[in-house]
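K.L.:
As input, take my_file_32.cif (mmCIF, C-alpha atoms):
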```
data_my_file
loop_
_atom_site.label_atom_id
_atom_site.label_comp_id
_atom_site.auth_asym_id
_atom_site.auth_seq_id
_atom_site.Cartn_x
_atom_site.Cartn_y
_atom_site.Cartn_z
CA MET M 1 -30.07 4.76 6.37
CA LYS M 2 -27.67 7.45 5.23
CA ASN M 3 -25.81 7.22 1.96
CA ILE M 4 -22.04 7.25 1.67
CA ARG M 5 -21.19 10.92 2.04
CA LYS M 6 -17.51 10.93 2.62
CA VAL M 7 -14.99 9.04 0.55
CA VAL M 8 -11.74 10.73 1.31
CA TYR M 9 -9.20 8.54 -0.41
CA LYS M 10 -8.26 9.36 -3.99
CA LEU M 11 -8.31 6.31 -6.23
CA LYS M 12 -5.33 5.40 -8.39
CA LYS M 13 -6.90 2.59 -10.37
CA GLN M 14 -5.00 3.29 -13.55
CA GLU M 15 -1.70 2.35 -11.90
CA TYR M 16 -2.51 -1.31 -11.29
CA SER M 17 -1.45 -4.22 -13.47
CA LYS M 18 -3.87 -6.48 -15.31
CA GLU M 19 -2.82 -9.38 -13.10
CA MET M 20 -3.58 -7.46 -9.94
CA ILE M 21 -7.05 -6.26 -10.91
CA LEU M 22 -7.94 -9.74 -12.15
CA GLU M 23 -6.81 -11.10 -8.79
CA PHE M 24 -9.23 -8.76 -7.03
CA TYR M 25 -12.02 -10.09 -9.24
CA GLU M 26 -11.03 -13.74 -8.78
CA THR M 27 -10.97 -13.40 -4.99
CA MET M 28 -14.41 -11.80 -4.92
CA VAL M 29 -15.93 -14.43 -7.20
CA LYS M 30 -14.35 -17.22 -5.16
CA ILE M 31 -15.86 -15.84 -1.94
CA ARG M 32 -19.29 -15.31 -3.53
CA ASN M 33 -19.39 -18.85 -4.97
CA PHE M 34 -18.25 -20.31 -1.65
CA GLU M 35 -21.01 -18.62 0.31
CA VAL M 36 -23.78 -19.15 -2.25
CA LYS M 37 -22.96 -22.85 -2.13
CA LEU M 38 -23.07 -22.70 1.67
CA THR M 39 -26.62 -21.33 1.59
CA GLU M 40 -27.62 -24.21 -0.65
CA TYR M 41 -26.28 -26.89 1.67
CA PHE M 42 -27.46 -25.10 4.80
CA THR M 43 -31.01 -25.25 3.41
CA LYS M 44 -30.54 -28.99 2.92
CA GLY M 45 -29.62 -29.30 6.59
CA MET M 46 -26.13 -30.56 5.81
CA LEU M 47 -24.11 -27.93 7.74
CA TYR M 48 -23.60 -27.92 11.49
CA GLY M 49 -24.50 -24.75 13.39
CA ASN M 50 -25.63 -21.49 11.85
CA ILE M 51 -23.99 -19.47 9.09
CA HIS M 52 -23.68 -15.72 8.53
CA THR M 53 -22.73 -14.83 4.98
CA SER M 54 -20.90 -11.76 3.71
CA ILE M 55 -22.60 -11.75 0.31
CA GLY M 56 -22.29 -8.20 -1.01
CA GLN M 57 -19.21 -7.43 1.11
CA GLU M 58 -16.59 -9.32 -0.93
CA ALA M 59 -14.66 -6.21 -1.97
CA VAL M 60 -13.64 -5.50 1.63
CA ALA M 61 -12.04 -8.92 2.00
CA ALA M 62 -10.35 -8.85 -1.41
CA GLY M 63 -8.95 -5.35 -1.01
CA ALA M 64 -7.89 -5.52 2.62
CA ASN M 65 -6.05 -8.82 2.50
CA LYS M 66 -4.26 -7.92 -0.72
CA ALA M 67 -2.64 -5.12 1.27
CA LEU M 68 -1.13 -7.60 3.76
CA GLU M 69 1.99 -9.73 3.74
CA LYS M 70 1.75 -13.46 4.48
CA THR M 71 3.42 -12.78 7.83
CA ASP M 72 0.76 -10.29 8.90
CA PHE M 73 -2.18 -11.32 11.09
CA ILE M 74 -5.93 -10.83 11.05
CA THR M 75 -8.83 -11.40 13.42
CA THR M 76 -12.32 -11.58 11.98
CA THR M 77 -15.95 -11.83 12.97
CA HIS M 78 -18.69 -14.46 12.85
CA ARG M 79 -19.14 -13.27 9.22
CA GLY M 80 -15.53 -13.98 8.28
CA HIS M 81 -15.58 -16.58 5.49
CA GLY M 82 -14.54 -14.03 2.89
CA GLN M 83 -11.74 -12.55 4.96
CA LEU M 84 -10.31 -15.99 5.67
CA ILE M 85 -10.36 -17.04 2.02
CA ALA M 86 -8.78 -13.75 0.96
CA LYS M 87 -6.00 -14.24 3.56
CA GLY M 88 -5.14 -17.56 1.96
CA ALA M 89 -7.37 -20.19 3.53
CA ASP M 90 -7.89 -23.28 1.35
CA THR M 91 -11.51 -23.53 0.24
CA LYS M 92 -11.51 -27.34 0.56
CA ILE M 93 -10.38 -27.23 4.19
CA MET M 94 -12.74 -24.34 4.90
CA MET M 95 -15.67 -26.22 3.42
CA ALA M 96 -14.79 -29.37 5.36
CA GLU M 97 -14.77 -27.35 8.59
CA LEU M 98 -18.26 -26.04 7.94
CA PHE M 99 -19.46 -29.55 7.20
CA GLY M 100 -18.04 -30.59 10.60
CA LYS M 101 -15.48 -32.92 9.05
CA LYS M 102 -12.18 -34.11 10.49
CA THR M 103 -10.27 -32.56 7.55
CA GLY M 104 -11.45 -29.05 8.44
CA TYR M 105 -9.21 -26.30 9.84
CA CYS M 106 -10.37 -27.05 13.38
CA GLY M 107 -11.00 -30.73 12.86
CA GLY M 108 -14.68 -29.99 12.35
CA LYS M 109 -15.10 -28.59 15.86
CA GLY M 110 -15.02 -24.87 15.09
CA GLY M 111 -17.57 -24.56 12.34
CA SER M 112 -18.44 -21.39 10.50
CA MET M 113 -17.63 -18.90 13.26
CA HIS M 114 -14.35 -20.20 14.64
CA VAL M 115 -11.96 -20.94 11.80
CA ALA M 116 -8.32 -20.32 12.70
CA ASP M 117 -4.92 -21.10 11.19
CA VAL M 118 -2.02 -19.25 12.80
CA SER M 119 0.33 -20.43 10.03
CA LEU M 120 -1.67 -18.27 7.61
CA GLY M 121 -1.86 -15.35 10.02
CA ILE M 122 -5.51 -16.13 10.77
CA LEU M 123 -5.80 -15.75 14.54
CA GLY M 124 -9.42 -16.73 14.43
CA SER M 125 -12.87 -15.66 13.52
CA ASN M 126 -15.11 -15.15 16.52
CA GLY M 127 -18.74 -15.65 17.47
CA ILE M 128 -18.68 -12.87 20.10
CA VAL M 129 -19.21 -9.35 18.78
CA GLY M 130 -16.00 -7.34 19.12
CA ALA M 131 -14.03 -10.16 20.72
CA GLY M 132 -11.38 -10.21 18.02
CA ILE M 133 -10.41 -6.58 18.60
CA PRO M 134 -8.40 -7.04 21.85
CA ILE M 135 -6.88 -10.24 20.45
CA ALA M 136 -5.55 -8.19 17.55
CA ALA M 137 -4.22 -5.55 19.94
CA GLY M 138 -2.45 -8.29 21.89
CA SER M 139 -0.99 -9.73 18.72
CA ALA M 140 0.28 -6.29 17.71
CA LEU M 141 1.83 -5.87 21.16
CA ALA M 142 3.61 -9.23 20.75
CA SER M 143 5.01 -8.10 17.40
CA LYS M 144 6.22 -4.84 18.88
CA ILE M 145 7.94 -6.55 21.82
CA ARG M 146 9.58 -9.03 19.48
CA GLY M 147 10.70 -6.27 17.16
CA THR M 148 9.21 -7.80 14.03
CA LYS M 149 7.61 -5.95 11.13
CA GLU M 150 4.31 -7.82 11.39
CA VAL M 151 1.04 -5.88 11.38
CA THR M 152 -2.24 -7.18 12.79
CA VAL M 153 -5.57 -6.11 11.32
CA ALA M 154 -8.67 -6.35 13.50
CA ILE M 155 -11.68 -6.79 11.21
CA PHE M 156 -15.07 -6.18 12.78
CA GLY M 157 -18.50 -4.78 12.04
CA ASP M 158 -20.09 -1.43 12.70
CA ALA M 159 -21.95 -2.72 15.77
CA ALA M 160 -18.71 -3.90 17.36
CA SER M 161 -17.40 -0.33 17.22
CA ASN M 162 -19.99 0.52 19.88
CA GLN M 163 -18.58 -2.06 22.26
CA GLY M 164 -16.41 -0.82 25.09
CA VAL M 165 -13.65 -3.20 24.09
CA PHE M 166 -13.24 -1.31 20.81
CA HIS M 167 -12.43 1.93 22.61
CA GLU M 168 -10.22 0.23 25.18
CA SER M 169 -8.21 -1.54 22.48
CA VAL M 170 -7.84 1.47 20.20
CA ASN M 171 -6.84 3.67 23.14
CA MET M 172 -4.13 1.28 24.27
CA ALA M 173 -2.89 0.63 20.74
CA ALA M 174 -2.66 4.38 20.14
CA ALA M 175 -0.90 5.07 23.46
CA TRP M 176 1.65 2.32 22.84
CA LYS M 177 1.87 2.88 19.07
CA LEU M 178 1.12 -0.74 18.30
CA PRO M 179 1.35 -2.03 14.71
CA ALA M 180 -2.39 -2.52 14.31
CA VAL M 181 -5.15 -1.52 11.91
CA PHE M 182 -8.76 -1.39 13.07
CA LEU M 183 -10.89 -2.15 10.01
CA ILE M 184 -14.62 -1.49 10.35
CA GLU M 185 -16.67 -3.47 7.85
CA ASN M 186 -19.69 -1.16 8.00
CA ASN M 187 -22.57 -3.11 6.48
CA ASN M 188 -25.09 -0.79 8.18
CA TYR M 189 -26.63 -3.35 10.51
CA GLY M 190 -25.91 -4.94 13.87
CA VAL M 191 -28.35 -7.86 13.61
CA SER M 192 -31.53 -5.80 12.94
CA VAL M 193 -30.37 -2.38 14.22
CA ASN M 194 -29.23 0.25 11.76
CA ILE M 195 -25.97 1.81 12.88
CA HIS M 196 -27.33 5.33 12.41
CA ASN M 197 -30.09 4.68 14.93
CA VAL M 198 -27.54 4.11 17.68
CA THR M 199 -24.67 6.36 16.63
CA ASN M 200 -24.48 10.15 16.56
CA THR M 201 -21.76 10.51 13.95
CA GLU M 202 -21.95 10.39 10.18
CA THR M 203 -19.01 8.00 9.96
CA LEU M 204 -17.33 5.70 12.47
CA ALA M 205 -13.81 6.47 11.32
CA VAL M 206 -14.23 9.98 12.75
CA ARG M 207 -13.72 8.39 16.17
CA ALA M 208 -10.02 8.19 15.33
CA LYS M 209 -9.79 11.89 16.23
CA ALA M 210 -10.44 11.02 19.87
CA TYR M 211 -7.29 8.92 19.90
CA ASP M 212 -5.20 11.22 17.67
CA ILE M 213 -4.67 8.53 15.06
CA PRO M 214 -5.47 8.46 11.31
CA GLY M 215 -8.97 7.46 10.27
CA GLU M 216 -10.74 7.40 6.95
CA THR M 217 -13.91 6.15 5.31
CA VAL M 218 -13.88 4.52 1.88
CA ASP M 219 -16.25 2.82 -0.54
CA GLY M 220 -16.23 -0.76 0.73
CA ASN M 221 -17.74 -2.07 -2.49
CA ASP M 222 -14.63 -1.05 -4.42
CA PRO M 223 -11.71 -3.46 -3.77
CA ILE M 224 -9.15 -0.96 -5.02
CA ALA M 225 -10.39 1.78 -2.70
CA VAL M 226 -10.21 -0.67 0.20
CA TYR M 227 -6.76 -1.87 -0.87
CA GLU M 228 -5.34 1.64 -1.05
CA ALA M 229 -6.68 2.71 2.32
CA VAL M 230 -5.60 -0.47 4.12
CA LYS M 231 -2.21 -0.48 2.38
CA LYS M 232 -1.54 3.02 3.61
CA ALA M 233 -2.63 2.15 7.15
CA VAL M 234 -0.55 -1.05 7.18
CA GLU M 235 2.60 0.71 6.02
CA TYR M 236 2.00 3.47 8.58
CA ALA M 237 1.84 0.81 11.31
CA ARG M 238 4.78 -1.16 9.94
CA GLU M 239 6.96 1.94 10.13
CA GLY M 240 6.29 2.21 13.84
CA ASN M 241 3.76 5.06 13.79
CA GLY M 242 0.94 3.17 15.49
CA PRO M 243 -2.62 2.22 14.56
CA SER M 244 -5.24 3.62 12.20
CA ILE M 245 -8.96 3.18 11.71
CA VAL M 246 -10.26 2.31 8.23
CA GLU M 247 -14.02 2.22 7.70
CA CYS M 248 -15.35 0.41 4.62
CA MET M 249 -18.94 1.29 3.67
CA THR M 250 -20.72 -1.76 2.29
CA TYR M 251 -23.99 -3.64 2.65
CA ARG M 252 -25.07 -7.06 3.87
CA MET M 253 -27.26 -8.35 1.05
CA ARG M 254 -28.77 -11.18 3.07
CA GLY M 255 -30.18 -11.31 6.59
CA HIS M 256 -28.08 -11.39 9.74
CA TYR M 257 -28.07 -15.18 9.64
CA GLU M 258 -29.17 -17.60 6.97
CA GLY M 259 -32.94 -17.82 7.25
CA ASP M 260 -33.38 -14.27 8.56
CA PRO M 261 -35.92 -12.60 6.21
CA ALA M 262 -34.50 -9.15 7.14
CA ALA M 263 -37.97 -7.62 7.30
CA TYR M 264 -36.54 -4.78 9.42
CA ARG M 265 -35.12 -2.97 6.40
CA SER M 266 -36.82 -1.55 3.36
CA LYS M 267 -36.91 -3.30 0.02
CA GLU M 268 -36.04 -0.02 -1.69
CA VAL M 269 -32.78 0.42 0.21
CA THR M 270 -31.72 -3.16 -0.47
CA GLU M 271 -32.48 -2.72 -4.16
CA GLU M 272 -30.43 0.47 -4.19
CA TRP M 273 -27.45 -1.33 -2.73
CA ALA M 274 -27.92 -4.26 -5.12
CA LYS M 275 -27.04 -1.85 -7.92
CA LYS M 276 -23.67 -1.38 -6.16
CA ASP M 277 -22.88 -5.10 -6.19
CA PRO M 278 -19.06 -5.20 -5.97
CA ILE M 279 -18.65 -8.09 -8.40
CA ASP M 280 -21.00 -6.78 -11.08
CA ASN M 281 -19.50 -3.32 -10.91
CA PHE M 282 -15.91 -4.54 -10.92
CA LYS M 283 -16.67 -6.68 -13.96
CA LYS M 284 -17.80 -3.51 -15.73
CA TYR M 285 -14.59 -1.82 -14.62
CA LEU M 286 -12.49 -4.66 -16.04
CA LEU M 287 -14.30 -4.46 -19.37
CA SER M 288 -13.78 -0.69 -19.43
CA LYS M 289 -10.06 -1.33 -19.03
CA GLY M 290 -10.00 -3.53 -22.11
CA ILE M 291 -9.98 -6.92 -20.38
CA ASP M 292 -11.31 -9.58 -22.75
CA GLU M 293 -14.67 -10.87 -21.51
CA LYS M 294 -13.46 -14.42 -22.24
CA GLU M 295 -10.83 -14.03 -19.51
CA ILE M 296 -13.49 -12.93 -17.06
CA ILE M 297 -15.72 -15.86 -17.97
CA SER M 298 -12.72 -18.18 -17.60
CA ILE M 299 -12.20 -16.94 -14.03
CA ASP M 300 -15.91 -17.44 -13.30
CA GLU M 301 -15.67 -21.03 -14.51
CA GLU M 302 -12.45 -21.75 -12.61
CA MET M 303 -13.92 -20.47 -9.36
CA GLU M 304 -17.10 -22.46 -9.87
CA LYS M 305 -15.00 -25.58 -10.42
CA GLU M 306 -12.88 -24.88 -7.32
CA ILE M 307 -15.91 -24.59 -5.08
CA GLU M 308 -17.50 -27.73 -6.54
CA GLU M 309 -14.27 -29.58 -5.74
CA ALA M 310 -14.35 -28.12 -2.22
CA ILE M 311 -17.87 -29.46 -1.75
CA LYS M 312 -16.83 -32.91 -2.97
CA PHE M 313 -13.82 -32.89 -0.62
CA ALA M 314 -16.06 -31.99 2.32
CA LEU M 315 -18.69 -34.58 1.48
CA ASP M 316 -16.06 -37.32 1.05
CA SER M 317 -14.22 -36.45 4.28
CA PRO M 318 -14.83 -38.42 7.51
CA LEU M 319 -16.48 -37.05 10.62
CA PRO M 320 -14.17 -36.71 13.65
CA ASP M 321 -14.12 -39.62 16.06
CA PRO M 322 -16.10 -38.87 19.26
CA SER M 323 -13.03 -39.82 21.31
CA GLU M 324 -11.32 -36.67 19.97
CA VAL M 325 -13.94 -34.29 21.31
CA THR M 326 -11.48 -32.50 23.65
CA THR M 327 -8.37 -32.88 21.48
CA ASP M 328 -6.90 -29.46 20.55
CA VAL M 329 -9.61 -27.70 22.54
CA TYR M 330 -7.30 -26.69 25.38
CA SER M 331 -3.80 -25.30 24.92
CA SER M 332 -1.24 -23.67 27.17
CA ASP M 333 1.41 -22.92 24.55
CA ASN M 334 -0.01 -20.81 21.75
CA GLU M 335 2.83 -19.07 19.93
CA ARG M 336 0.89 -15.81 19.68
CA CYS M 337 -0.07 -15.64 23.35
CA VAL M 338 3.17 -16.80 25.00
CA LEU M 339 6.14 -14.48 24.68
CA ARG M 340 9.41 -16.31 24.97
#
```
Would you mind writing the structure in this file as structure tokens?

P.N.:
Amino acid sequence: MKNIRKVVYKLKKQEYSKEMILEFYETMVKIRNFEVKLTEYFTKGMLYGNIHTSIGQEAVAAGANKALEKTDFITTTHRGHGQLIAKGADTKIMMAELFGKKTGYCGGKGGSMHVADVSLGILGSNGIVGAGIPIAAGSALASKIRGTKEVTVAIFGDAASNQGVFHESVNMAAAWKLPAVFLIENNNYGVSVNIHNVTNTETLAVRAKAYDIPGETVDGNDPIAVYEAVKKAVEYAREGNGPSIVECMTYRMRGHYEGDPAAYRSKEVTEEWAKKDPIDNFKKYLLSKGIDEKEIISIDEEMEKEIEEAIKFALDSPLPDPSEVTTDVYSSDNERCVLR
């Protein structure tokens, strides 16, 4: 595995308010607590289907979604819990969905990999690698035709950038100057394959040159670096200039799926990345900025309480009635796919 060699965006951390940097921290802690609790209940056999956590990647979700307006849209991957929470998803409803309960975002039918709520701009996470990318391009096309200022961010992993649909979508978005951002959450691995074993470039953002659009690579374990890069790309798209590629270098601290021992990667590399834990390092940053440790501990406690309440809500919620198995499964009038 290669180290991060190219971080091209200059940080401006000193310009942010106390409230804003604490919000970055709160979002990351909320996501981490949510997923750690998921691993606990998955081991107990209380979740339906499989789960793929983003533990170690929380800074990408916190930074990217902070750069968006409520009216903007995202598509995410099978590893999208963090992105959904950062976009505004309620942790109680999220948790209920993963427990297969009627009160979940998809009535308990979608599970971990298919959470969607168009009212929040969440067009759906997706169990198929790269499948959210053309959906995002279509959403951006809808916004352009309608003349709105909405931007759609396609969030996907490094492996998805080797899918043909990535190139097809970026090419079309660039040719038509669609208001889209293609955000690569580069956690180094597509299942068990290191991205550098199947790619001949040092970074993936360099592919932007082929489409004559902006592209940059940033430290994906720094929420402020992610925020600044995505904010710039979003505003570029909102002004009618077309898409950009933003690559966030991070690391998947657990296996591809829960239960995967990840024996295909070295212990030394994982330990090296553990030292770059986004939450631990951002806590140090907050302390260096004079934030009282009591405030940080208070956030930790609040987030722990929120996730405990989410678990209770999920456990207390009813299962969907079998008679509803096809309800909401088929639709012919989705607002984002039917132009009026």

K.L.:
Just so the selection is clear, what residues does the PyMOL selection byres ((chain M and resi 187-194) around 7) cover here, as an MDAnalysis selection string?

P.N.:
chainID M and resid 158:159 185:186 195:197 249:252 256 264

K.L.:
Take the residues just selected and output them with C-alpha atoms as an mmCIF file, keeping the file's coordinate frame.

P.N.:
```
data_model
loop_
_atom_site.group_PDB
_atom_site.id
_atom_site.type_symbol
_atom_site.label_atom_id
_atom_site.label_comp_id
_atom_site.auth_asym_id
_atom_site.auth_seq_id
_atom_site.Cartn_x
_atom_site.Cartn_y
_atom_site.Cartn_z
ATOM 1 C CA ASP M 158 -20.090 -1.430 12.700
ATOM 2 C CA ALA M 159 -21.950 -2.720 15.770
ATOM 3 C CA GLU M 185 -16.670 -3.470 7.850
ATOM 4 C CA ASN M 186 -19.690 -1.160 8.000
ATOM 5 C CA ILE M 195 -25.970 1.810 12.880
ATOM 6 C CA HIS M 196 -27.330 5.330 12.410
ATOM 7 C CA ASN M 197 -30.090 4.680 14.930
ATOM 8 C CA MET M 249 -18.940 1.290 3.670
ATOM 9 C CA THR M 250 -20.720 -1.760 2.290
ATOM 10 C CA TYR M 251 -23.990 -3.640 2.650
ATOM 11 C CA ARG M 252 -25.070 -7.060 3.870
ATOM 12 C CA HIS M 256 -28.080 -11.390 9.740
ATOM 13 C CA TYR M 264 -36.540 -4.780 9.420
#
```

K.L.:
Specify as a list in words each residue included when the PyMOL selection byres ((chain M and resi 27-43) around 6) is applied to this file.

P.N.:
Phe24, Tyr25, Glu26, Lys44, Gly45, Met46, Leu47, Glu58, Ala62, Gly82, Met303 and Ile307 of chain M

K.L.:
What is the CA of Gly108 in chain M-CA of Gly259 in chain M distance in Å, reported with one decimal?

P.N.:
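If I compute the distance from CA of Gly108 in chain M to CA of Gly259 in chain M, I get 22.5 Å.
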
K.L.:
I would like the residues chosen by the PyMOL selection byres ((chain M and resi 50) around 8) on the shown file; could you give them as a ChimeraX atom specification?

P.N.:
/M:47-49,51-52,112,257-258

K.L.:
Under the rule that all atoms listed in the file are counted, which of M:Ala314, M:Ala154, M:Ala142, M:Ile291 is the nearest residue to Ser244 in chain M?

P.N.:
M:Ala154

K.L.:
Closest to Ala225 in chain M among M:Lys18, M:Arg238, M:Lys284, M:Lys66, using all atoms listed in the file?

P.N.:
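For Ala225 in chain M, the nearest of the given residues is M:Lys66.
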
K.L.:
Pick from M:Gly80, M:Gly110, M:Gly220, M:Gly100: nearest to Gln57 in chain M, with only C-alpha atoms counted?

P.N.:
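Result for the nearest residue to Gln57 in chain M: M:Gly220.
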
K.L.:
Any chance you could turn range 139-156 of chain M into a file with N, CA and C atoms, as a PDB file, in the first residue's frame?

P.N.:
```pdb
ATOM      1  N   SER M 139     -29.766  12.414 -11.295  1.00  0.00           N
ATOM      2  CA  SER M 139     -30.324  13.424 -10.396  1.00  0.00           C
ATOM      3  C   SER M 139     -29.801  14.812 -10.759  1.00  0.00           C
ATOM      4  N   ALA M 140     -28.501  14.885 -11.053  1.00  0.00           N
ATOM      5  CA  ALA M 140     -27.916  16.173 -11.434  1.00  0.00           C
ATOM      6  C   ALA M 140     -28.517  16.681 -12.744  1.00  0.00           C
ATOM      7  N   LEU M 141     -28.784  15.762 -13.668  1.00  0.00           N
ATOM      8  CA  LEU M 141     -29.415  16.148 -14.936  1.00  0.00           C
ATOM      9  C   LEU M 141     -30.813  16.708 -14.675  1.00  0.00           C
ATOM     10  N   ALA M 142     -31.563  16.055 -13.751  1.00  0.00           N
ATOM     11  CA  ALA M 142     -32.906  16.545 -13.411  1.00  0.00           C
ATOM     12  C   ALA M 142     -32.833  17.958 -12.852  1.00  0.00           C
ATOM     13  N   SER M 143     -31.856  18.204 -11.991  1.00  0.00           N
ATOM     14  CA  SER M 143     -31.713  19.544 -11.406  1.00  0.00           C
ATOM     15  C   SER M 143     -31.367  20.572 -12.470  1.00  0.00           C
ATOM     16  N   LYS M 144     -30.529  20.181 -13.412  1.00  0.00           N
ATOM     17  CA  LYS M 144     -30.157  21.125 -14.472  1.00  0.00           C
ATOM     18  C   LYS M 144     -31.357  21.443 -15.360  1.00  0.00           C
ATOM     19  N   ILE M 145     -32.128  20.440 -15.724  1.00  0.00           N
ATOM     20  CA  ILE M 145     -33.307  20.666 -16.568  1.00  0.00           C
ATOM     21  C   ILE M 145     -34.330  21.549 -15.860  1.00  0.00           C
ATOM     22  N   ARG M 146     -34.470  21.311 -14.565  1.00  0.00           N
ATOM     23  CA  ARG M 146     -35.435  22.093 -13.788  1.00  0.00           C
ATOM     24  C   ARG M 146     -34.932  23.494 -13.461  1.00  0.00           C
ATOM     25  N   GLY M 147     -33.648  23.710 -13.624  1.00  0.00           N
ATOM     26  CA  GLY M 147     -33.094  25.031 -13.354  1.00  0.00           C
ATOM     27  C   GLY M 147     -32.943  25.351 -11.887  1.00  0.00           C
ATOM     28  N   THR M 148     -32.792  24.328 -11.053  1.00  0.00           N
ATOM     29  CA  THR M 148     -32.613  24.560  -9.625  1.00  0.00           C
ATOM     30  C   THR M 148     -31.123  24.735  -9.323  1.00  0.00           C
ATOM     31  N   LYS M 149     -30.822  25.006  -8.069  1.00  0.00           N
ATOM     32  CA  LYS M 149     -29.427  25.148  -7.646  1.00  0.00           C
ATOM     33  C   LYS M 149     -28.951  23.921  -6.872  1.00  0.00           C
ATOM     34  N   GLU M 150     -29.692  22.825  -6.971  1.00  0.00           N
ATOM     35  CA  GLU M 150     -29.310  21.612  -6.243  1.00  0.00           C
ATOM     36  C   GLU M 150     -28.051  20.988  -6.845  1.00  0.00           C
ATOM     37  N   VAL M 151     -27.251  20.397  -5.965  1.00  0.00           N
ATOM     38  CA  VAL M 151     -26.067  19.641  -6.400  1.00  0.00           C
ATOM     39  C   VAL M 151     -26.210  18.215  -5.884  1.00  0.00           C
ATOM     40  N   THR M 152     -25.811  17.243  -6.676  1.00  0.00           N
ATOM     41  CA  THR M 152     -25.843  15.844  -6.245  1.00  0.00           C
ATOM     42  C   THR M 152     -24.418  15.319  -6.110  1.00  0.00           C
ATOM     43  N   VAL M 153     -24.152  14.696  -4.975  1.00  0.00           N
ATOM     44  CA  VAL M 153     -22.827  14.122  -4.728  1.00  0.00           C
ATOM     45  C   VAL M 153     -22.929  12.602  -4.781  1.00  0.00           C
ATOM     46  N   ALA M 154     -22.173  12.002  -5.692  1.00  0.00           N
ATOM     47  CA  ALA M 154     -22.080  10.540  -5.774  1.00  0.00           C
ATOM     48  C   ALA M 154     -20.920  10.103  -4.888  1.00  0.00           C
ATOM     49  N   ILE M 155     -21.231   9.334  -3.850  1.00  0.00           N
ATOM     50  CA  ILE M 155     -20.194   8.867  -2.925  1.00  0.00           C
ATOM     51  C   ILE M 155     -19.964   7.379  -3.184  1.00  0.00           C
ATOM     52  N   PHE M 156     -18.721   7.017  -3.441  1.00  0.00           N
ATOM     53  CA  PHE M 156     -18.435   5.617  -3.776  1.00  0.00           C
ATOM     54  C   PHE M 156     -16.991   5.306  -3.398  1.00  0.00           C
TER      55      PHE M 156
END
```
